[in-house]
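Visitor: Mind having a look at this structure? Questions to follow.
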Amino acid sequence: MTLTIGANCLFNTPCNIRFGGLAYSLTAPVTVSLAGGTGNAFVYFASSGTLTIGHSLTLTCSGVCSAQSGITAFPTDAIPLFTWHATSGTWDGQGSDQRAFLSSKDVLPGTGILTTENLGHTTIAADPSVLGMRAAAPSTSSSSCSPGMWASDSNFYYVCVTQNTWLRTALSAW
């Protein structure tokens with residue numbers, strides 16, 4: 001028994017999905033052949049852009065897709081499309097549409113924040129040219145540093161004022 005995914009996805013009218021700044025297209029229908037078993041099939045786009053059928057069944061994909069056994073839920077780095085249940089080697093009449101999550105988030109960095117995209121994953125970091133970064137307490141006033149870096153220990157608060165130049169002030173109660 002077969003299941004067709006993306007019956008209306010064609011080269012001229014692709015079905016598109018977006019991960020952050022990356023877009024992927026399904027440009028031809030895919031069929032999933034079920035040979036046996038009872039359980040669920042999870043249809044999703046992996047963050048690599050691959051249409052994937054995760055399952056605990058006996059099945060194969062034709063077309064541009066990957067059948068991955070041992071999957072019991074949608075992976076966290078995937079965009080879910082459908083779940084489909086099979087009983088005794090037969091697909092149920094209707095699956096569950098999961099397409100409400102058809103794209104991922106937009107992350108817009110503010111002052112002092114950097115973002116980078118890699119395969120649909122967004123990494124967020126502090127911009128050391130804007131925000132002072134904590135460092136280990138320097139051993140000398142000429143220890144390696146960049147302006148804005150700071151450090152502290154039980155006796156002093158240290159600030160890097162120019163390249164490789166630290167100033168410090170003693171800590172005391174008042």
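By order in the structure tokens, chains are A, B, ...; within a chain, residues start at 1; ligands start at 1, following the order shown.
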As number ranges by chain, please: the residues near Thr162 in chain A (cut-off 8 Å, only C-alpha atoms, same-chain neighbours under 2 positions excluded).
Guide: A: 145-147, 160, 164-166
Visitor: Write the selection just made, keeping N, CA and C atoms, as an mmCIF file, in the first residue's frame?
Guide:
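What follows is the written file part32.cif:
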```
data_model
loop_
_atom_site.group_PDB
_atom_site.id
_atom_site.type_symbol
_atom_site.label_atom_id
_atom_site.label_comp_id
_atom_site.auth_asym_id
_atom_site.auth_seq_id
_atom_site.Cartn_x
_atom_site.Cartn_y
_atom_site.Cartn_z
ATOM 1 N N CYS A 145 44.687 41.270 26.520
ATOM 2 C CA CYS A 145 43.279 41.656 26.658
ATOM 3 C C CYS A 145 42.876 42.568 25.508
ATOM 4 N N SER A 146 41.556 42.762 25.379
ATOM 5 C CA SER A 146 40.984 43.717 24.425
ATOM 6 C C SER A 146 40.188 44.730 25.214
ATOM 7 N N PRO A 147 40.133 45.975 24.755
ATOM 8 C CA PRO A 147 39.407 47.014 25.491
ATOM 9 C C PRO A 147 37.974 46.580 25.810
ATOM 10 N N CYS A 160 40.244 46.226 31.212
ATOM 11 C CA CYS A 160 41.193 46.402 30.114
ATOM 12 C C CYS A 160 40.835 47.718 29.425
ATOM 13 N N ASN A 164 45.966 45.029 25.663
ATOM 14 C CA ASN A 164 46.962 44.475 26.591
ATOM 15 C C ASN A 164 47.352 45.436 27.722
ATOM 16 N N THR A 165 46.414 46.279 28.154
ATOM 17 C CA THR A 165 46.661 47.186 29.281
ATOM 18 C C THR A 165 45.498 47.113 30.265
ATOM 19 N N TRP A 166 45.779 46.564 31.450
ATOM 20 C CA TRP A 166 44.792 46.426 32.517
ATOM 21 C C TRP A 166 45.002 47.494 33.575
#
```
Visitor: Using DSSP on the backbone coordinates, identify the residues of chain A assigned to strand (DSSP E); present them as an MDAnalysis selection string.
Guide: chainID A and resid 2:5 15:19 22:26 30:36 39:46 51:55 58:62 66:69 78:87 90:91 96:97 113:118 121:126 150:152 156:162 165:170
Visitor: Please identify all polymer residues within 7 Å of Gly39 in chain A, counting only C-alpha atoms, omitting same-chain residues fewer than 3 positions from it, and present them as a short mmCIF file (atom, residue, chain, number, x, y, z; two decimals) with C-alpha atoms, in the first residue's frame.
Guide:
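Heads up, here's the output in around12.cif:
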```
data_model
loop_
_atom_site.label_atom_id
_atom_site.label_comp_id
_atom_site.auth_asym_id
_atom_site.auth_seq_id
_atom_site.Cartn_x
_atom_site.Cartn_y
_atom_site.Cartn_z
CA SER A 56 8.58 2.15 13.34
CA LEU A 57 7.13 0.26 10.35
CA HIS A 85 -0.86 5.68 11.27
CA ALA A 86 -0.79 2.18 9.83
CA THR A 87 -2.45 -0.96 11.17
#
```
Visitor: Under the rule that only C-alpha atoms are counted, which of A:Ser143, A:Gln68, A:Thr76, A:Ser48 is the nearest residue to Arg18 in chain A?
Guide: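 Between A:Ser143, A:Gln68, A:Thr76, A:Ser48, the residue approaching Arg18 in chain A most closely is A:Ser48.
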Visitor: Grab the CA of Thr169 in chain A to CA of Phe156 in chain A distance for me, in Å with one decimal place.
Guide: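 Here the two named atoms are 5.5 Å from each other.
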Visitor: Which of these, A:Ala151, A:Val43, A:Ala23, A:Val30, has the shortest distance to Leu167 in chain A once you count only C-alpha atoms?
Guide: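 Ranked by minimum distance to Leu167 in chain A, first place goes to A:Ala151.
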